[in-house]
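S.K.: Sending over model-v6.txt (compact mmCIF, C-alpha atoms).
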```
# COMPACT_ATOMS: atom_id res chain seq x y z
CA MET A 1 115.89 67.15 92.54
CA ALA A 2 114.73 67.62 96.13
CA GLU A 3 111.43 69.04 94.89
CA VAL A 4 110.91 66.08 92.55
CA ARG A 5 111.70 63.69 95.42
CA GLU A 6 109.07 65.42 97.56
CA ASP A 7 106.53 65.24 94.72
CA LEU A 8 107.24 61.52 94.30
CA GLU A 9 106.85 60.84 98.02
CA ALA A 10 103.50 62.66 98.05
CA PHE A 11 102.35 60.83 94.90
CA THR A 12 103.29 57.36 96.14
CA ALA A 13 101.90 58.06 99.61
CA GLU A 14 98.55 58.71 97.93
CA LEU A 15 98.78 55.55 95.79
CA PHE A 16 99.79 53.24 98.64
CA ASP A 17 97.67 54.79 101.37
CA GLY A 18 95.41 51.72 101.33
CA PHE A 19 98.28 49.42 102.33
CA PHE A 20 97.81 48.29 105.92
CA ARG A 21 101.51 47.69 106.59
CA ALA A 22 104.08 50.49 106.77
CA ASP A 23 106.77 48.31 105.18
CA GLN A 24 104.56 47.78 102.08
CA ARG A 25 104.06 51.54 101.75
CA ARG A 26 107.81 52.07 102.10
CA TRP A 27 108.89 49.47 99.55
CA GLY A 28 106.20 50.55 97.11
CA GLN A 29 107.68 54.04 97.12
CA VAL A 30 111.23 52.69 96.83
CA TYR A 31 110.34 50.39 93.93
CA VAL A 32 108.74 53.24 91.94
CA ARG A 33 111.76 55.43 92.67
CA GLY A 34 114.03 52.64 91.44
CA LEU A 35 112.09 52.48 88.16
CA LEU A 36 112.59 56.23 87.68
CA LEU A 37 116.35 56.21 88.23
CA ASP A 38 118.64 56.20 85.20
CA GLY A 39 119.85 52.77 84.17
CA LYS A 40 119.41 50.30 81.34
CA ARG A 41 117.96 47.45 83.39
CA LYS A 42 114.99 47.88 85.76
CA SER A 43 114.80 44.42 87.32
CA VAL A 44 115.22 44.10 91.10
CA GLU A 45 118.98 43.50 91.37
CA PRO A 46 120.25 46.43 89.25
CA MET A 47 117.61 48.74 90.77
CA ALA A 48 118.76 47.76 94.26
CA ALA A 49 122.35 48.59 93.30
CA ARG A 50 121.29 52.12 92.25
CA LEU A 51 119.07 52.85 95.27
CA GLY A 52 121.87 53.34 97.80
CA GLU A 53 120.78 52.83 101.41
CA ASP A 54 117.31 51.75 100.20
CA GLY A 55 118.79 49.09 97.93
CA ASN A 56 117.60 46.04 99.83
CA ARG A 57 117.34 43.47 97.07
CA GLN A 58 115.56 40.90 99.20
CA ALA A 59 112.92 43.37 100.43
CA LEU A 60 112.26 44.68 96.91
CA ALA A 61 111.98 41.16 95.49
CA HIS A 62 109.57 40.14 98.25
CA PHE A 63 107.44 43.24 97.75
CA VAL A 64 107.01 42.79 94.01
CA THR A 65 106.80 38.99 93.89
CA SER A 66 105.36 37.65 97.14
CA SER A 67 103.80 40.44 99.18
CA PRO A 68 99.99 39.95 99.24
CA TRP A 69 98.81 43.36 98.05
CA ASN A 70 96.06 43.83 95.49
CA PRO A 71 97.23 45.68 92.35
CA GLY A 72 93.60 46.61 91.62
CA HIS A 73 93.54 48.88 94.66
CA VAL A 74 96.60 50.76 93.41
CA GLN A 75 95.18 50.93 89.88
CA ALA A 76 91.94 52.44 91.20
CA ARG A 77 93.80 55.19 93.06
CA LEU A 78 95.95 55.76 89.99
CA ALA A 79 92.82 56.04 87.83
CA TRP A 80 91.22 58.61 90.15
CA ARG A 81 94.38 60.71 90.22
CA MET A 82 94.94 60.62 86.47
CA GLN A 83 91.30 61.20 85.56
CA ASP A 84 91.49 64.51 87.43
CA ALA A 85 94.85 65.40 85.87
CA ILE A 86 94.14 64.40 82.27
CA GLY A 87 90.39 64.88 81.75
CA PRO A 88 90.27 61.86 79.40
CA GLU A 89 88.43 61.90 76.09
CA ALA A 90 88.60 58.10 75.79
CA LEU A 91 89.54 54.79 77.32
CA ILE A 92 91.89 52.92 75.00
CA VAL A 93 92.49 49.16 75.09
CA ASP A 94 95.41 47.33 73.50
CA ASP A 95 97.98 44.64 74.23
CA THR A 96 101.74 44.29 74.15
CA GLY A 97 104.20 41.41 74.21
CA PHE A 98 106.84 40.52 76.81
CA LEU A 99 109.46 38.45 75.01
CA LYS A 100 110.84 35.48 76.96
CA ASP A 101 113.69 33.04 76.39
CA GLY A 102 112.42 30.27 78.68
CA ASP A 103 109.08 28.68 79.43
CA ALA A 104 108.88 29.01 83.22
CA SER A 105 107.08 32.37 83.52
CA ALA A 106 103.33 32.51 84.04
CA CYS A 107 101.34 32.20 80.79
CA VAL A 108 104.38 32.29 78.50
CA SER A 109 103.70 30.56 75.20
CA ARG A 110 104.42 30.72 71.49
CA GLN A 111 101.87 33.26 70.30
CA TYR A 112 101.56 36.30 68.06
CA THR A 113 102.55 39.69 69.40
CA GLY A 114 102.77 42.97 67.55
CA THR A 115 105.86 43.74 69.64
CA ALA A 116 107.83 41.27 67.53
CA GLY A 117 105.48 41.25 64.53
CA LYS A 118 105.39 37.47 64.54
CA VAL A 119 104.62 34.34 66.54
CA THR A 120 107.27 33.99 69.22
CA ASN A 121 107.82 32.89 72.81
CA CYS A 122 106.27 35.58 74.99
CA GLN A 123 103.71 36.74 77.50
CA VAL A 124 100.97 39.11 76.33
CA GLY A 125 99.45 41.78 78.55
CA VAL A 126 96.18 43.58 77.82
CA SER A 127 96.12 47.18 79.08
CA LEU A 128 93.59 49.97 79.61
CA HIS A 129 94.55 53.65 79.29
CA LEU A 130 92.97 57.02 79.97
CA ALA A 131 93.83 59.34 77.09
CA THR A 132 93.61 62.70 75.44
CA ASP A 133 95.87 63.99 72.67
CA ARG A 134 98.12 65.68 75.23
CA ALA A 135 98.51 62.93 77.85
CA SER A 136 97.64 59.35 78.74
CA ALA A 137 98.07 56.84 81.56
CA ALA A 138 97.74 53.07 81.91
CA ILE A 139 95.23 52.25 84.67
CA GLY A 140 94.63 48.53 84.18
CA TRP A 141 96.44 45.34 83.18
CA ARG A 142 95.53 41.70 82.61
CA LEU A 143 97.96 38.91 81.77
CA PHE A 144 96.49 36.94 78.87
CA MET A 145 96.34 33.20 79.49
CA PRO A 146 96.71 31.06 76.33
CA SER A 147 94.44 28.02 76.24
CA GLY A 148 97.40 25.70 76.84
CA TRP A 149 97.66 27.00 80.42
CA ASP A 150 93.98 26.36 81.19
CA PRO A 151 93.24 22.84 82.49
CA ALA A 152 89.59 23.26 81.47
CA SER A 153 90.47 24.04 77.85
CA PRO A 154 90.40 21.37 75.10
CA GLY A 155 93.82 22.68 74.08
CA ALA A 156 95.35 22.29 77.55
CA ASP A 157 99.08 21.47 77.55
CA PRO A 158 99.90 19.13 80.48
CA ALA A 159 103.39 20.60 80.88
CA LYS A 160 102.04 24.15 81.12
CA VAL A 161 99.18 23.14 83.42
CA ALA A 162 101.72 21.47 85.73
CA ARG A 163 103.57 24.83 86.06
CA ARG A 164 100.49 26.73 87.27
CA GLY A 165 101.23 26.01 90.92
CA ARG A 166 104.87 27.12 90.70
CA CYS A 167 103.73 30.32 88.97
CA GLY A 168 101.12 31.03 91.63
CA ILE A 169 98.29 31.19 89.11
CA PRO A 170 94.93 31.36 90.94
CA ALA A 171 92.80 28.24 90.55
CA GLN A 172 89.90 30.26 89.14
CA ALA A 173 92.02 31.93 86.42
CA GLY A 174 91.46 30.47 82.97
CA HIS A 175 91.68 31.24 79.28
CA VAL A 176 89.68 34.37 78.43
CA GLU A 177 89.75 36.11 75.04
CA LYS A 178 91.60 39.42 74.99
CA TRP A 179 88.49 41.38 74.02
CA GLN A 180 86.69 39.95 77.07
CA LEU A 181 89.61 40.93 79.31
CA ALA A 182 89.23 44.44 77.88
CA LEU A 183 85.51 44.51 78.71
CA ASP A 184 86.27 43.24 82.21
CA MET A 185 88.76 46.08 82.77
CA ILE A 186 86.30 48.64 81.42
CA ASP A 187 83.65 47.32 83.84
CA GLU A 188 86.14 47.53 86.70
CA ALA A 189 87.10 51.11 85.81
CA ARG A 190 83.42 52.09 85.71
CA SER A 191 82.94 50.50 89.14
CA TRP A 192 85.64 52.88 90.41
CA GLY A 193 83.62 55.82 89.12
CA ILE A 194 85.76 56.45 86.02
CA ASP A 195 83.84 58.13 83.20
CA VAL A 196 83.99 56.42 79.79
CA PRO A 197 83.24 59.05 77.13
CA LEU A 198 84.51 56.78 74.32
CA VAL A 199 86.28 53.43 73.85
CA VAL A 200 89.07 53.26 71.26
CA ALA A 201 90.82 50.09 70.08
CA ASP A 202 92.57 48.65 67.05
CA ALA A 203 91.26 45.91 64.76
CA GLY A 204 92.49 43.22 67.13
CA TYR A 205 89.49 44.16 69.25
CA GLY A 206 87.20 45.89 66.76
CA ASP A 207 87.09 42.80 64.53
CA ALA A 208 85.34 40.93 67.37
CA ALA A 209 81.62 41.57 66.93
CA ALA A 210 81.15 40.36 70.51
CA PHE A 211 83.42 43.17 71.75
CA ARG A 212 81.44 45.81 69.88
CA SER A 213 78.17 44.26 71.07
CA GLY A 214 79.49 44.32 74.64
CA LEU A 215 80.17 48.04 74.36
CA GLU A 216 76.72 48.64 72.87
CA GLU A 217 75.06 46.68 75.68
CA ARG A 218 76.86 48.98 78.12
CA ASN A 219 75.77 52.06 76.12
CA LEU A 220 79.42 53.01 75.57
CA PRO A 221 80.28 54.84 72.34
CA TYR A 222 83.28 53.51 70.43
CA ALA A 223 85.65 54.11 67.53
CA VAL A 224 87.46 50.87 66.76
CA GLY A 225 89.62 49.59 63.94
CA VAL A 226 88.21 46.85 61.72
CA SER A 227 89.33 44.82 58.73
CA GLY A 228 87.92 45.79 55.37
CA ARG A 229 86.66 42.21 54.87
CA HIS A 230 83.70 42.70 57.23
CA SER A 231 80.33 43.16 55.55
CA ALA A 232 77.74 45.93 55.73
CA HIS A 233 74.83 47.58 53.94
CA LEU A 234 74.74 51.26 53.14
CA ALA A 235 72.62 53.19 55.64
CA ASP A 236 69.80 53.82 53.16
CA ALA A 237 69.20 50.08 52.65
CA ARG A 238 65.85 48.94 54.03
CA PRO A 239 64.63 45.44 54.92
CA VAL A 240 61.52 44.10 53.22
CA LEU A 241 59.10 41.32 54.09
CA PRO A 242 59.42 38.38 51.66
CA THR A 243 56.26 37.00 50.11
CA TYR A 244 54.57 34.43 52.34
CA ALA A 245 53.99 31.10 50.58
CA GLY A 246 51.15 30.21 52.92
CA THR A 247 52.88 27.27 54.61
CA GLY A 248 55.44 26.96 57.40
CA ARG A 249 56.77 29.78 59.56
CA ARG A 250 56.10 33.32 58.36
CA PRO A 251 59.26 34.93 56.96
CA GLN A 252 61.06 37.73 58.81
CA MET A 253 62.15 41.06 57.40
CA GLN A 254 65.25 40.73 55.23
CA TYR A 255 67.51 43.02 53.24
CA PRO A 256 66.81 42.36 49.54
CA ASP A 257 70.48 42.65 48.49
CA PRO A 258 73.40 40.82 50.13
CA PRO A 259 75.83 42.92 52.15
CA ARG A 260 79.14 43.96 50.65
CA THR A 261 82.55 44.09 52.24
CA MET A 262 83.41 47.40 53.84
CA LYS A 263 86.37 47.75 51.55
CA ASP A 264 84.11 47.31 48.51
CA LEU A 265 81.70 49.94 49.82
CA VAL A 266 84.50 52.46 50.19
CA VAL A 267 86.02 51.63 46.79
CA ALA A 268 82.56 51.99 45.22
CA ALA A 269 82.26 55.47 46.77
CA GLY A 270 85.45 56.32 44.89
CA ARG A 271 88.43 58.57 45.37
CA THR A 272 86.25 61.62 44.91
CA ALA A 273 84.53 60.79 48.20
CA ALA A 274 87.83 61.11 50.09
CA ARG A 275 88.23 64.37 52.01
CA PRO A 276 91.50 65.84 53.26
CA VAL A 277 91.69 65.94 57.06
CA SER A 278 94.36 67.24 59.44
CA TRP A 279 93.77 65.81 62.91
CA ARG A 280 96.76 66.66 65.16
CA GLU A 281 100.32 67.91 65.31
CA GLY A 282 103.11 65.39 64.88
CA SER A 283 106.69 65.44 66.15
CA ARG A 284 108.52 66.63 63.04
CA PRO A 285 109.20 70.33 62.42
CA GLY A 286 106.67 71.98 60.14
CA ALA A 287 105.01 75.21 59.19
CA SER A 288 102.13 75.16 61.70
CA ARG A 289 101.79 77.79 64.41
CA SER A 290 103.36 75.49 67.01
CA GLY A 291 106.31 74.63 64.78
CA PHE A 292 105.28 70.99 64.33
CA LYS A 293 104.02 69.36 61.17
CA ARG A 294 100.30 68.61 61.10
CA MET A 295 99.21 64.98 60.64
CA TYR A 296 97.31 64.85 57.36
CA SER A 297 95.65 62.31 55.09
CA ARG A 298 92.47 61.71 53.07
CA PHE A 299 89.41 59.90 54.45
CA VAL A 300 86.09 58.49 53.28
CA ALA A 301 83.20 58.56 55.77
CA LEU A 302 80.07 56.50 55.06
CA ARG A 303 76.98 55.72 57.10
CA VAL A 304 76.53 51.94 57.04
CA ARG A 305 74.69 49.09 58.73
CA PRO A 306 77.22 46.39 59.74
CA ALA A 307 76.01 42.88 58.92
CA GLY A 308 77.33 39.36 59.29
CA ARG A 309 77.75 36.88 62.11
CA GLY A 310 77.48 38.24 65.62
CA ILE A 311 75.64 41.45 64.69
CA ARG A 312 72.60 41.92 66.91
CA ARG A 313 69.47 43.76 65.85
CA PRO A 314 67.34 45.61 68.40
CA ALA A 315 64.49 43.37 69.56
CA ASP A 316 61.84 45.85 68.39
CA ASP A 317 63.52 47.00 65.17
CA PRO A 318 64.02 44.93 61.98
CA GLU A 319 66.81 47.25 60.81
CA LEU A 320 70.47 46.75 61.57
CA PRO A 321 72.03 49.57 63.66
CA GLU A 322 73.54 52.47 61.72
CA ARG A 323 77.23 53.25 62.26
CA TRP A 324 80.10 55.29 60.84
CA LEU A 325 82.49 53.53 58.50
CA LEU A 326 85.71 55.53 58.23
CA ALA A 327 88.46 54.68 55.77
CA GLU A 328 91.87 56.26 55.28
CA TRP A 329 92.69 56.53 51.58
CA PRO A 330 95.91 58.46 50.97
CA ALA A 331 96.23 60.15 47.60
CA THR A 332 99.30 58.04 46.85
CA GLU A 333 97.56 54.69 47.46
CA PRO A 334 95.46 52.74 44.91
CA GLU A 335 92.95 51.64 47.60
CA PRO A 336 92.02 52.36 51.23
CA VAL A 337 94.64 51.37 53.82
CA GLN A 338 92.77 51.42 57.14
CA PHE A 339 89.18 51.15 58.38
CA TRP A 340 87.22 52.03 61.52
CA LEU A 341 83.68 51.52 62.78
CA SER A 342 82.20 54.06 65.17
CA SER A 343 78.94 54.51 67.05
CA LEU A 344 79.54 58.25 67.51
CA PRO A 345 76.64 60.55 66.49
CA SER A 346 75.84 60.98 62.81
CA GLY A 347 76.26 64.76 62.90
CA MET A 348 79.81 64.75 64.29
CA PRO A 349 82.37 66.66 62.16
CA LEU A 350 84.69 64.44 60.14
CA ALA A 351 87.86 65.98 61.63
CA THR A 352 86.63 65.18 65.14
CA LEU A 353 85.76 61.60 64.16
CA ILE A 354 89.21 61.04 62.68
CA ARG A 355 91.04 62.61 65.61
CA LEU A 356 89.22 60.38 68.10
CA ALA A 357 89.61 57.22 66.00
CA LYS A 358 93.33 58.00 65.66
CA LEU A 359 93.75 58.58 69.41
CA ARG A 360 95.21 55.09 69.73
CA TRP A 361 98.62 56.63 68.93
CA ARG A 362 98.79 57.45 72.65
CA ILE A 363 99.05 53.72 73.43
CA GLU A 364 102.17 53.39 71.31
CA HIS A 365 103.66 56.39 73.12
CA ASP A 366 102.86 54.83 76.52
CA TYR A 367 104.31 51.43 75.62
CA ARG A 368 107.46 53.01 74.21
CA GLU A 369 108.09 55.11 77.31
CA MET A 370 107.26 52.32 79.76
CA LYS A 371 109.47 49.79 77.95
CA GLN A 372 112.42 51.97 77.02
CA ALA A 373 112.68 54.17 80.12
CA LEU A 374 110.78 52.45 82.93
CA GLY A 375 111.50 48.73 82.57
CA LEU A 376 108.04 47.43 81.72
CA ALA A 377 109.45 44.23 80.19
CA HIS A 378 112.35 43.81 82.66
CA PHE A 379 110.54 41.80 85.35
CA GLU A 380 112.50 38.59 85.91
CA GLY A 381 110.10 36.88 88.30
CA ARG A 382 107.89 34.04 87.12
CA THR A 383 104.72 34.46 89.15
CA TRP A 384 101.25 35.65 88.22
CA ASN A 385 101.08 38.13 91.10
CA GLY A 386 104.61 39.36 90.48
CA TRP A 387 103.82 40.22 86.86
CA HIS A 388 100.66 42.14 87.82
CA HIS A 389 102.51 43.94 90.64
CA HIS A 390 105.39 44.99 88.39
CA VAL A 391 103.29 46.36 85.52
CA THR A 392 101.13 48.28 88.01
CA LEU A 393 104.21 49.89 89.58
CA VAL A 394 105.59 50.76 86.14
CA SER A 395 102.25 52.39 85.34
CA ALA A 396 102.60 54.42 88.54
CA ALA A 397 106.10 55.55 87.52
CA HIS A 398 104.81 56.47 84.07
CA ALA A 399 101.90 58.43 85.57
CA PHE A 400 104.32 60.36 87.79
CA CYS A 401 106.39 61.33 84.72
CA THR A 402 103.19 62.48 83.01
CA LEU A 403 102.19 64.60 86.02
CA GLN A 404 105.64 66.18 86.08
CA ARG A 405 105.38 67.10 82.40
CA LEU A 406 101.92 68.58 82.86
CA ALA A 407 103.11 70.57 85.87
CA ARG A 408 105.93 72.09 83.82
CA ASP A 409 103.59 73.05 80.97
CA PRO A 410 99.88 72.10 81.11
CA LYS A 411 99.67 72.68 77.34
CA ASP A 412 102.63 70.45 76.57
CA THR A 413 101.87 67.43 74.41
CA ALA A 414 104.07 64.36 74.26
CA GLN A 415 104.45 64.05 70.51
CA ALA A 416 104.65 60.75 68.63
```
Could you write out this structure as structure tokens?
M.R.:
Amino acid sequence: MAEVREDLEAFTAELFDGFFRADQRRWGQVYVRGLLLDGKRKSVEPMAARLGEDGNRQALAHFVTSSPWNPGHVQARLAWRMQDAIGPEALIVDDTGFLKDGDASACVSRQYTGTAGKVTNCQVGVSLHLATDRASAAIGWRLFMPSGWDPASPGADPAKVARRGRCGIPAQAGHVEKWQLALDMIDEARSWGIDVPLVVADAGYGDAAAFRSGLEERNLPYAVGVSGRHSAHLADARPVLPTYAGTGRRPQMQYPDPPRTMKDLVVAAGRTAARPVSWREGSRPGASRSGFKRMYSRFVALRVRPAGRGIRRPADDPELPERWLLAEWPATEPEPVQFWLSSLPSGMPLATLIRLAKLRWRIEHDYREMKQALGLAHFEGRTWNGWHHHVTLVSAAHAFCTLQRLARDPKDTAQA
């Protein structure tokens, strides 16, 4: 225990080294230690009760809610530390819900969250994670602001707008789509010097053509979930120049046949196009060398040209960009069950494509550990800054746990 305490003190000293005031550095370390202690509730009061002589409830509450420190500075130091420790293969973006009973907390509203699987009263946070199959760490957070909280939005709710001041919401903060918050965090991480070998996201982000276009404009490869309803041409389709009638504007190059939905393209390829792929070890006992069952399914991989609204063609090329369309089609299912689009190279092995597209499982592991063991959703304050401070400190506690696991066994993988 003494050795772990020393490791924690060294880790937090590195994270909070940029704090000008000694009391901020002290209470930052104490707050992270409180999150790591055993206990069902990780809000300020029960943590203070478990911290012994460091259990100053008022000081902890002030540090997390009111103290004017920038969580971005801590996140940057966390990103540098974890990039070196993990060697990430991807940056993963996702969001999670923080269920609320009342309506006084910043940006709380009735909205959909996958946490509850329905529309409910909650806050939603968008997060950014460094990840490999063996480890991952959250390095960025943004609290999503529903349009009702934005006085400049046509959907502004006067009651919610009136609570902005009490919640300490900055005047310049407004409603921004989740996919744009994700791009903003990716830009911030790149400004810190974080490498982005690949961006992974689920269909909540991949369905937004503007998100994919934003990644392409930044020359960032991606593997993102999409709905099968989106349209595309097969890669061998070629645009042609329609006959010119001799009047009006000359026609532009067009594809002679209309695009088809991605689901229809995969179904047309047929079950025989599906290939069995094993992409990682799961958590259940199995017959593999490690003793864990291998994750296995069947997949169709097609080269396609996504079409439809929001798809941008290169200025000097009449053809739509060529991408991977991946579809999971288990042998027991009558049709494909999941789809991805990827800009990874055409010659990449199918098993590698699937493993990277499926890397989002790390997000679920992070959320589960941060919520169940580290109190991610236990913050009882109502302010904008307090929420961002708390989730950043929980991310620090989670990163410390990850570093401890890697130190015990660098080959150890947290299974899902």
S.K.: Name all residues at most 6 Å from segment 103-118 of chain A (count all atoms listed in the file; drop same-chain ones fewer than 3 positions away) and give them as a PyMOL selection string.
M.R.: chain A and resi 97+121-123+145+167+382-384
S.K.: Figure out the distance between atom CA of Ser127 of chain A and atom CA of Val224 of chain A, please, to one decimal in Å.
M.R.: 15.5 Å
S.K.: How far is it from atom CA of Glu333 of chain A to atom CA of Tyr205 of chain A, in Å with one decimal?
M.R.: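 Distance between the two atoms: 25.5 Å.
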S.K.: Under the rule that only C-alpha atoms are counted, which of A:Glu216, A:Asp195, A:Asp409, A:Glu364 is the nearest residue to Asp94 of chain A?
M.R.: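 Comparing A:Glu216, A:Asp195, A:Asp409, A:Glu364 against Asp94 of chain A, the winner is A:Glu364.
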S.K.: List the neighbours of Val74 of chain A out to 8 Å using all atoms listed in the file; skip same-chain residues closer than 2 positions along the sequence, and give me the result as a PyMOL selection string.
M.R.: chain A and resi 15-16+70-72+76-78+392
